[in-house]
Every structure is written in structure tokens, then in C-alpha cells.
Amino acid sequence: MDFEARALLKSQKQTILSSQIGGKIKGIKYREGDSFKKDQLLVNFDCSVQKAKYQKALAEKSRAGKKLENQKKLAEYNAGSALELSIAKEELKMAKAEVSVNWSMIKMCEIKAPFNGKIVDVKVQPHQSVNSGVELMEIIDNGPLEINMMIPSAWLSWMKKGVKFTIKVDETGKSYSGKVSKIGAKIDAVSQTIKIYGLLDKAYGDLMAGMSGVASFSIVDKE
């Protein structure tokens, strides 16, 4: 017996990358539709100011370190006070913290890909100045697509992880095979439906996220 449900193809990973700092965009390495690999540079900012602050922080750290060493030597000869030695230690600690903060800012100047994928939309342009938190681009992964389906809750009498299905995609007119990967945690009380998820057996080059179709389950005996 065949059971059918409408299905939507979605990427397993999708996100919108935002700026972590304010500044001028120096370059955008990819455009809409381009593919990329994990850890490849996607967007970078002009961070000359941040780099200058980092160099200044390094110089302050070096100065504080030398001051502390000097205070330690004075203490060996009882020529310095305990208070001055304590202050020198705190100054070095603060200088190290400042170096860490500025290095973190420099790392935010480059936005790298969190996974292998494709560019869906680029929302900014090179040389554009943006504030922190501004959306830069939307990306999706390029692995096997996930299938989202809403089924009647009554199907739970036979529906389980691993159940095979075939989906006929509207946009291509072709059929593809897959398996149920997980079942939702809650039944909708009004519609008496529940969401289930499936994965295609492999990645198909002619399929894209956002396509839809009809998933068919062939159950010989559902008792």
C-alpha cells in the first residue's frame, strides 16, 4: 500500500554570516552560486587600525615585562617596595589581556567558511562600511539534501527511522530514493500531523534546496 506526503528539500546546514566588527569591507571572495570549501576565506575587512592597536599592545606588554623584571631584581637587593612589585605584576597581566583582546579583533577581520557549501546571497559590497552585526551573506552546505515532510500522526503505527521512500520532485520530474532519518518530537494537536525528516541516498547534481515534490512510502503490511 502506498502512502504519500508533500515534501520540501532543504540543506542540512544553512546560515547567515554577519560581521563581528564594524569597519570597511576589503574584499568578498565569492558571489551568488559559487562553491567554497570549509575554512576558505569568504569576506575580509580593512583592519589596519586593529593591527596598529595590536602592535601597540605588544609594545606595552614588552614594556610591562621589562618593568616587572626590573622590580624583581630590585626586590632581590631589598631596593624596591612590595607595592611596586605588585603593581608591576598587575600591569603585565593587564598588558597580556590587552594583547589577547586585540588579537581577537584581528581574527574577526576575516570570515571563513564553517563548512563546504555554496553562496545563496551576498548582501554587501566591497568597500562598503558596515556596523557590527550586519548580515553579510547567506550560505548553505552542498551535501545530500534533507527532506522535510508533514505526515498524519496515525502513520506513527509503522513510521520509524530507516523506512525507505521515493520522492518525485516537481521541478525535475524525476524520482529519487531516500530513508527516514528522524521523527519530530511533537504532534500538532490541531492538524494531527507530525514532522519527519529524510535523507537522500546520495547527493544529486540536479537537485537544489527549495525544490519540492511528493514522497511515497510503499508499506506491504502496516499492522
# chains A, B, ... in the order shown; residues from 1 in each chain; ligands from 1
call {"tool": "residues_around", "arguments": {"residues": "range 30-38 of chain A", "least_positions_apart": "5", "cutoff": "7 Å", "atoms": "only C-alpha atoms", "output": "ChimeraX atom specification"}}
result
/A:113-122
call {"tool": "closest_atom_pairs", "arguments": {"of": "range 111-188 of chain A", "to": "range 196-207 of chain A", "cutoff": "7 Å", "atoms": "only C-alpha atoms", "output": "tab-separated table"}}
result
residue	atom	partner	partner_atom	distance
A:Gly143	CA	A:Ala203	CA	6.2
A:Pro144	CA	A:Ala203	CA	4.3
A:Leu145	CA	A:Leu199	CA	6.3
A:Glu146	CA	A:Leu199	CA	4.9
A:Ile147	CA	A:Gly198	CA	4.8
A:Asn148	CA	A:Tyr197	CA	4.9
A:Met149	CA	A:Ile196	CA	5.3
A:Met150	CA	A:Ile196	CA	6.3
A:Ser177	CA	A:Leu200	CA	5.9
A:Gly178	CA	A:Leu200	CA	4.0
A:Lys179	CA	A:Gly198	CA	5.4
A:Val180	CA	A:Gly198	CA	4.0
A:Ser181	CA	A:Gly198	CA	4.7
A:Lys182	CA	A:Tyr197	CA	5.3
A:Ile183	CA	A:Ile196	CA	4.4
A:Gly184	CA	A:Ile196	CA	5.4
call {"tool": "closest_residue", "arguments": {"among": "A:Glu135, A:Glu4, A:Asp170, A:Asp188", "to": "Ile219 in chain A", "atoms": "only C-alpha atoms"}}
result
A:Glu4
call {"tool": "select_by_dssp", "arguments": {"residues": "range 26-65 of chain A", "states": "strand (DSSP E)", "output": "ChimeraX atom specification"}}
result
/A:26-28,35-36,41-45
call {"tool": "closest_residue", "arguments": {"among": "A:Glu110, A:Glu171, A:Glu84, A:Asp141", "to": "Ile28 in chain A", "atoms": "only C-alpha atoms"}}
result
A:Glu110
call {"tool": "atom_distance", "arguments": {"atom1": "CA of Ser100 in chain A", "atom2": "CA of Val124 in chain A"}}
result
29.1 Å
call {"tool": "closest_residue", "arguments": {"among": "A:Met208, A:Ala185, A:Leu9, A:Leu42", "to": "Pro126 in chain A", "atoms": "only C-alpha atoms"}}
result
A:Leu42
